[in-house]
file coords.txt (compact mmCIF, C-alpha atoms)
# COMPACT_ATOMS: atom_id res chain seq x y z
CA MET A 1 111.72 -169.50 -96.88
CA THR A 2 111.72 -165.72 -96.41
CA VAL A 3 110.00 -164.68 -93.18
CA LYS A 4 108.40 -161.29 -93.78
CA PRO A 5 107.58 -158.88 -90.94
CA LYS A 6 103.86 -159.02 -90.18
CA ILE A 7 101.92 -155.73 -90.09
CA LEU A 8 98.37 -155.46 -88.73
CA ILE A 9 96.32 -152.54 -90.09
CA ILE A 10 93.34 -151.58 -87.90
CA GLU A 11 91.53 -149.06 -90.08
CA ASP A 12 87.83 -148.74 -90.99
CA GLU A 13 88.25 -146.54 -94.08
CA PRO A 14 88.62 -149.00 -97.00
CA ASN A 15 90.54 -146.62 -99.27
CA ILE A 16 93.17 -145.82 -96.65
CA ALA A 17 93.46 -149.45 -95.54
CA SER A 18 93.90 -150.56 -99.16
CA PHE A 19 96.48 -147.83 -99.79
CA MET A 20 98.57 -148.89 -96.79
CA SER A 21 98.17 -152.57 -97.59
CA THR A 22 99.33 -152.09 -101.18
CA ILE A 23 102.41 -150.10 -100.11
CA LEU A 24 103.43 -152.59 -97.45
CA SER A 25 102.80 -155.69 -99.55
CA ALA A 26 104.91 -154.22 -102.36
CA ASN A 27 107.77 -153.75 -99.88
CA ASP A 28 107.94 -157.32 -98.58
CA PHE A 29 105.65 -157.08 -95.57
CA THR A 30 102.89 -159.54 -94.72
CA VAL A 31 99.71 -157.55 -94.18
CA LEU A 32 96.67 -158.30 -92.02
CA ARG A 33 93.62 -156.01 -92.01
CA SER A 34 90.81 -155.29 -89.58
CA ALA A 35 88.03 -152.70 -89.86
CA SER A 36 86.94 -152.71 -86.21
CA GLY A 37 88.52 -152.43 -82.78
CA ALA A 38 87.16 -155.72 -81.46
CA ASP A 39 88.34 -157.67 -84.48
CA GLY A 40 91.67 -155.84 -84.38
CA LEU A 41 92.27 -156.85 -80.76
CA MET A 42 91.45 -160.45 -81.59
CA MET A 43 93.86 -160.43 -84.54
CA ALA A 44 96.58 -158.77 -82.48
CA SER A 45 96.34 -161.45 -79.81
CA SER A 46 96.11 -164.37 -82.23
CA HIS A 47 98.68 -163.28 -84.84
CA CYS A 48 101.13 -161.28 -82.66
CA PRO A 49 102.12 -158.90 -85.49
CA ASP A 50 105.49 -157.18 -85.60
CA VAL A 51 103.86 -153.74 -85.94
CA ILE A 52 100.28 -152.42 -85.62
CA LEU A 53 99.08 -149.44 -87.67
CA LEU A 54 96.12 -148.11 -85.71
CA ASP A 55 93.39 -145.59 -86.54
CA LEU A 56 91.87 -143.91 -83.49
CA GLY A 57 88.41 -143.28 -84.93
CA LEU A 58 87.07 -146.81 -85.22
CA PRO A 59 83.33 -147.59 -85.45
CA ASP A 60 83.07 -149.64 -82.27
CA MET A 61 85.67 -148.11 -79.93
CA ASP A 62 88.32 -145.44 -79.61
CA GLY A 63 91.72 -146.63 -80.75
CA LYS A 64 93.23 -145.54 -77.45
CA GLU A 65 91.32 -148.37 -75.79
CA ILE A 66 93.16 -150.77 -78.08
CA ILE A 67 96.51 -149.29 -77.04
CA ARG A 68 95.58 -149.66 -73.36
CA ASN A 69 94.45 -153.26 -73.85
CA ILE A 70 97.51 -154.39 -75.81
CA ARG A 71 99.94 -152.74 -73.41
CA GLN A 72 98.58 -154.99 -70.65
CA TRP A 73 100.20 -158.00 -72.32
CA SER A 74 102.59 -156.91 -75.10
CA GLN A 75 105.14 -154.28 -76.11
CA MET A 76 104.63 -154.84 -79.85
CA PRO A 77 105.14 -151.53 -81.71
CA ILE A 78 101.94 -149.51 -82.27
CA ILE A 79 101.94 -146.65 -84.78
CA VAL A 80 98.84 -144.46 -84.62
CA VAL A 81 97.68 -143.34 -88.08
CA SER A 82 94.95 -140.76 -87.50
CA ALA A 83 93.26 -137.67 -88.91
CA ARG A 84 93.22 -136.17 -85.41
CA THR A 85 95.75 -133.35 -85.41
CA GLN A 86 95.23 -131.91 -81.93
CA GLU A 87 98.31 -132.05 -79.74
CA HIS A 88 96.42 -133.54 -76.79
CA ASP A 89 95.30 -136.52 -78.93
CA LYS A 90 98.90 -137.24 -79.90
CA VAL A 91 100.21 -136.82 -76.36
CA GLU A 92 97.49 -139.01 -74.87
CA ALA A 93 98.06 -141.81 -77.38
CA LEU A 94 101.83 -141.71 -76.84
CA ASP A 95 101.44 -141.59 -73.06
CA MET A 96 99.22 -144.67 -73.22
CA GLY A 97 101.98 -146.58 -74.97
CA ALA A 98 101.84 -145.85 -78.71
CA ASP A 99 105.32 -145.80 -80.24
CA ASP A 100 104.66 -143.24 -82.99
CA TYR A 101 101.94 -141.00 -84.42
CA VAL A 102 101.38 -140.33 -88.13
CA THR A 103 98.85 -137.71 -89.20
CA LYS A 104 96.67 -138.29 -92.27
CA PRO A 105 97.28 -137.63 -95.10
CA PHE A 106 100.73 -139.16 -95.34
CA GLY A 107 103.11 -140.23 -98.09
CA THR A 108 104.43 -143.64 -99.08
CA SER A 109 107.99 -142.90 -98.01
CA GLU A 110 106.92 -141.60 -94.61
CA LEU A 111 104.80 -144.66 -93.85
CA LEU A 112 107.57 -147.08 -94.79
CA ALA A 113 110.16 -145.09 -92.82
CA ARG A 114 107.97 -145.10 -89.69
CA VAL A 115 107.36 -148.87 -89.94
CA ARG A 116 111.05 -149.66 -90.47
CA THR A 117 112.02 -147.42 -87.58
CA ALA A 118 109.50 -149.14 -85.30
CA LEU A 119 110.88 -152.55 -86.28
CA ARG A 120 114.46 -151.39 -85.71
CA HIS A 121 113.67 -149.91 -82.30
CA ALA A 122 111.78 -153.04 -81.25
CA ARG A 123 114.79 -155.16 -82.14
CA SER A 124 117.33 -152.88 -80.48
CA SER A 125 115.36 -152.56 -77.24
CA SER A 126 115.07 -156.32 -76.87
CA LEU A 127 118.69 -157.16 -77.62
CA GLU A 128 121.71 -156.78 -75.42
CA GLY A 129 125.42 -156.20 -75.91
CA ALA A 130 126.85 -157.32 -79.22
CA MET A 131 123.45 -158.42 -80.47
CA ALA A 132 122.20 -154.84 -80.28
CA GLN A 133 125.13 -153.72 -82.44
CA THR A 134 125.16 -156.51 -85.01
CA GLY A 135 121.52 -157.58 -85.01
CA LYS A 136 122.73 -161.18 -84.79
CA PHE A 137 123.04 -163.93 -82.20
CA THR A 138 125.95 -166.34 -82.72
CA ALA A 139 126.62 -169.63 -80.97
CA GLY A 140 129.28 -171.61 -82.80
CA PRO A 141 127.92 -172.49 -86.25
CA LEU A 142 124.44 -171.13 -85.43
CA VAL A 143 123.67 -167.55 -86.43
CA VAL A 144 120.25 -165.96 -85.80
CA ASP A 145 119.89 -162.83 -87.93
CA PHE A 146 117.13 -160.70 -86.41
CA ASP A 147 117.05 -158.21 -89.30
CA LYS A 148 116.84 -160.79 -92.09
CA ARG A 149 114.66 -163.03 -89.90
CA HIS A 150 116.64 -166.12 -90.80
CA ALA A 151 118.70 -168.66 -88.90
CA TYR A 152 121.84 -170.14 -90.41
CA VAL A 153 123.92 -173.20 -89.52
CA ASP A 154 127.41 -173.25 -91.01
CA GLY A 155 126.25 -170.56 -93.41
CA ARG A 156 123.28 -172.62 -94.59
CA ASP A 157 119.78 -171.19 -94.27
CA ALA A 158 117.85 -173.40 -91.86
CA LYS A 159 114.60 -172.46 -93.67
CA LEU A 160 112.57 -171.92 -90.53
CA THR A 161 108.88 -171.14 -90.82
CA GLN A 162 107.59 -167.88 -89.35
CA ASN A 163 106.59 -169.39 -86.01
CA GLU A 164 109.76 -171.47 -85.83
CA PHE A 165 111.85 -168.33 -86.30
CA ARG A 166 109.84 -166.48 -83.63
CA ILE A 167 110.62 -169.25 -81.15
CA VAL A 168 114.32 -169.36 -82.02
CA ALA A 169 114.62 -165.55 -81.98
CA LEU A 170 112.95 -165.28 -78.58
CA LEU A 171 115.20 -167.96 -77.09
CA ALA A 172 118.27 -166.29 -78.66
CA LYS A 173 117.35 -162.89 -77.20
CA HIS A 174 117.23 -164.51 -73.77
CA ALA A 175 120.11 -166.95 -74.31
CA GLY A 176 121.14 -168.79 -71.17
CA ARG A 177 117.77 -168.23 -69.52
CA VAL A 178 114.93 -170.71 -69.28
CA LEU A 179 111.74 -169.56 -71.01
CA THR A 180 108.66 -171.38 -69.78
CA TYR A 181 106.26 -173.14 -72.10
CA ASP A 182 103.55 -170.63 -71.21
CA MET A 183 105.81 -167.67 -71.92
CA LEU A 184 106.72 -169.01 -75.37
CA LEU A 185 103.12 -169.91 -76.21
CA LYS A 186 101.87 -166.41 -75.35
CA ALA A 187 104.73 -164.66 -77.15
CA VAL A 188 104.27 -166.62 -80.38
CA TRP A 189 100.55 -167.42 -80.48
CA GLY A 190 99.19 -164.59 -78.33
CA PRO A 191 97.34 -164.52 -74.99
CA ASN A 192 94.30 -166.23 -76.48
CA GLY A 193 96.28 -168.93 -78.24
CA SER A 194 96.39 -172.58 -77.33
CA SER A 195 97.70 -173.44 -73.87
CA ASP A 196 98.51 -176.96 -75.08
CA ASN A 197 102.27 -177.54 -75.03
CA GLN A 198 101.92 -180.04 -77.88
CA ILE A 199 101.98 -177.33 -80.54
CA LEU A 200 105.20 -176.01 -79.03
CA ARG A 201 106.75 -179.48 -78.88
CA VAL A 202 105.91 -180.09 -82.54
CA ASN A 203 107.51 -176.80 -83.56
CA MET A 204 110.57 -177.51 -81.42
CA ALA A 205 110.99 -180.94 -82.99
CA ASN A 206 110.93 -179.32 -86.43
CA ILE A 207 113.41 -176.63 -85.33
CA ARG A 208 115.84 -179.23 -84.01
CA ARG A 209 115.68 -181.22 -87.23
CA LYS A 210 116.68 -178.05 -89.07
CA ILE A 211 119.43 -176.63 -86.83
CA GLU A 212 120.84 -179.51 -84.79
CA GLU A 213 123.36 -181.99 -86.14
CA ASN A 214 121.81 -184.61 -83.87
CA PRO A 215 118.28 -183.63 -82.76
CA GLY A 216 118.40 -186.28 -80.04
CA LYS A 217 121.47 -184.62 -78.49
CA PRO A 218 120.90 -180.89 -79.07
CA GLN A 219 123.78 -178.44 -78.77
CA PHE A 220 121.80 -175.21 -79.19
CA ILE A 221 118.35 -175.50 -77.58
CA PHE A 222 117.95 -177.52 -74.40
CA THR A 223 114.78 -178.82 -72.76
CA GLU A 224 114.27 -178.05 -69.08
CA MET A 225 111.90 -180.90 -68.30
CA GLY A 226 108.49 -179.76 -67.16
CA VAL A 227 109.49 -176.10 -67.38
CA GLY A 228 110.49 -174.88 -70.82
CA TYR A 229 113.45 -174.36 -73.15
CA ARG A 230 116.85 -172.67 -72.97
CA MET A 231 119.15 -171.45 -75.74
CA VAL A 232 122.87 -172.01 -75.27
CA GLU A 233 124.74 -168.81 -74.40
CA GLY A 234 126.21 -167.00 -77.37
CA ASP A 235 129.85 -166.57 -78.30

call {"tool": "encode", "arguments": {"input": "coords.txt", "output": "structure tokens"}}
result
Amino acid sequence: MTVKPKILIIEDEPNIASFMSTILSANDFTVLRSASGADGLMMASSHCPDVILLDLGLPDMDGKEIIRNIRQWSQMPIIVVSARTQEHDKVEALDMGADDYVTKPFGTSELLARVRTALRHARSSSLEGAMAQTGKFTAGPLVVDFDKRHAYVDGRDAKLTQNEFRIVALLAKHAGRVLTYDMLLKAVWGPNGSSDNQILRVNMANIRRKIEENPGKPQFIFTEMGVGYRMVEGD
């Protein structure tokens, strides 16, 4: 299963939203759309997209309020896409935590380049050492490819679902460290997601069936009872 990067478009102009959605969908991105700030915030927290494309002039709130809200709990890339051309608008949005600023109108190539750059920077900033250079985490036969968004065991695609890959990728980025249940739940399902560890346990059971030779005696992902999970340190 190919896990496509998820892009959330928060834009109230239907023509522009449709234009961006068509471009991104045609280039192997999963697209979510919202026409209001309140709905956009809800979708950001529940879907945890890989990139947000944000208009500032929304009908119910200024887009800068969305930036401020999201930066309280996430560093997910935010690209402002706005008709506002004044320098102070750009500076203020960037100072609040936006990663990039695209002025309308814009071309197809520019939009795709900005999104890919945001994804690349997000990956690089969260990886360390060799992982930052190769874009991969390796532990024996297990390889987590952050660019392709796949995990492989002995060269075989483990066929992780989107949420399963998010869990494995997060553990791989922090290999050797214990990530609490709450931390994983918020990172994958958002701050308003379920606080029930059962959904995490179900996903972990599925992950182990796919990557472990013996799920009952894991060699890659270990359970720290009552606390969380830990990925084995990489090679």

call {"tool": "closest_residue", "arguments": {"input": "coords.txt", "among": "A:Ser36, A:Ser18, A:Asn206, A:Thr85", "to": "A:Pro59", "atoms": "all atoms listed in the file"}}
result
A:Ser36

call {"tool": "closest_residue", "arguments": {"input": "coords.txt", "among": "A:Glu212, A:Asp147, A:Glu110, A:Asp182", "to": "A:Ile23", "atoms": "all atoms listed in the file"}}
result
A:Glu110

call {"tool": "residues_around", "arguments": {"input": "coords.txt", "residues": "A:Ala175", "least_positions_apart": "6", "cutoff": "8 Å", "atoms": "all atoms listed in the file", "output": "ChimeraX atom specification"}}
result
/A:230-234

call {"tool": "residues_around", "arguments": {"input": "coords.txt", "residues": "A:Lys159", "least_positions_apart": "3", "cutoff": "10 Å", "atoms": "all atoms listed in the file", "output": "list of chain:residue names"}}
result
A:Met1, A:Thr2, A:Val3, A:His150, A:Ala151, A:Tyr152, A:Arg156, A:Gln162, A:Glu164, A:Phe165, A:Ile207, A:Lys210, A:Ile211

call {"tool": "closest_residue", "arguments": {"input": "coords.txt", "among": "A:Glu213, A:Asp145, A:Asp196, A:Glu13", "to": "A:Asp157", "atoms": "all atoms listed in the file"}}
result
A:Asp145

call {"tool": "residues_near_point", "arguments": {"input": "coords.txt", "point": "(90.3, -137.8, -88.2)", "cutoff": "9 Å", "atoms": "only C-alpha atoms", "output": "NGL selection string"}}
result
:A and (55-57 or 82-85 or 103-104)

call {"tool": "atom_distance", "arguments": {"input": "coords.txt", "atom1": "atom CA of A:Met42", "atom2": "atom CA of A:Arg123"}}
result
23.9 Å

call {"tool": "residues_around", "arguments": {"input": "coords.txt", "residues": "A:Asp99", "least_positions_apart": "3", "cutoff": "7 Å", "atoms": "only C-alpha atoms", "output": "ChimeraX atom specification"}}
result
/A:77-79,94

call {"tool": "atom_distance", "arguments": {"input": "coords.txt", "atom1": "atom CA of A:Val178", "atom2": "atom CA of A:Gly190"}}
result
19.2 Å

call {"tool": "residues_around", "arguments": {"input": "coords.txt", "residues": "A:Glu92", "least_positions_apart": "3", "cutoff": "12 Å", "atoms": "only C-alpha atoms", "output": "list in words"}}
result
Leu56, Gly63, Lys64, Glu65, Ile67, Arg68, Val80, Arg84, Gln86, Glu87, His88, Asp89, Asp95, Met96, Gly97, Ala98, Asp99, Asp100 and Tyr101 of chain A
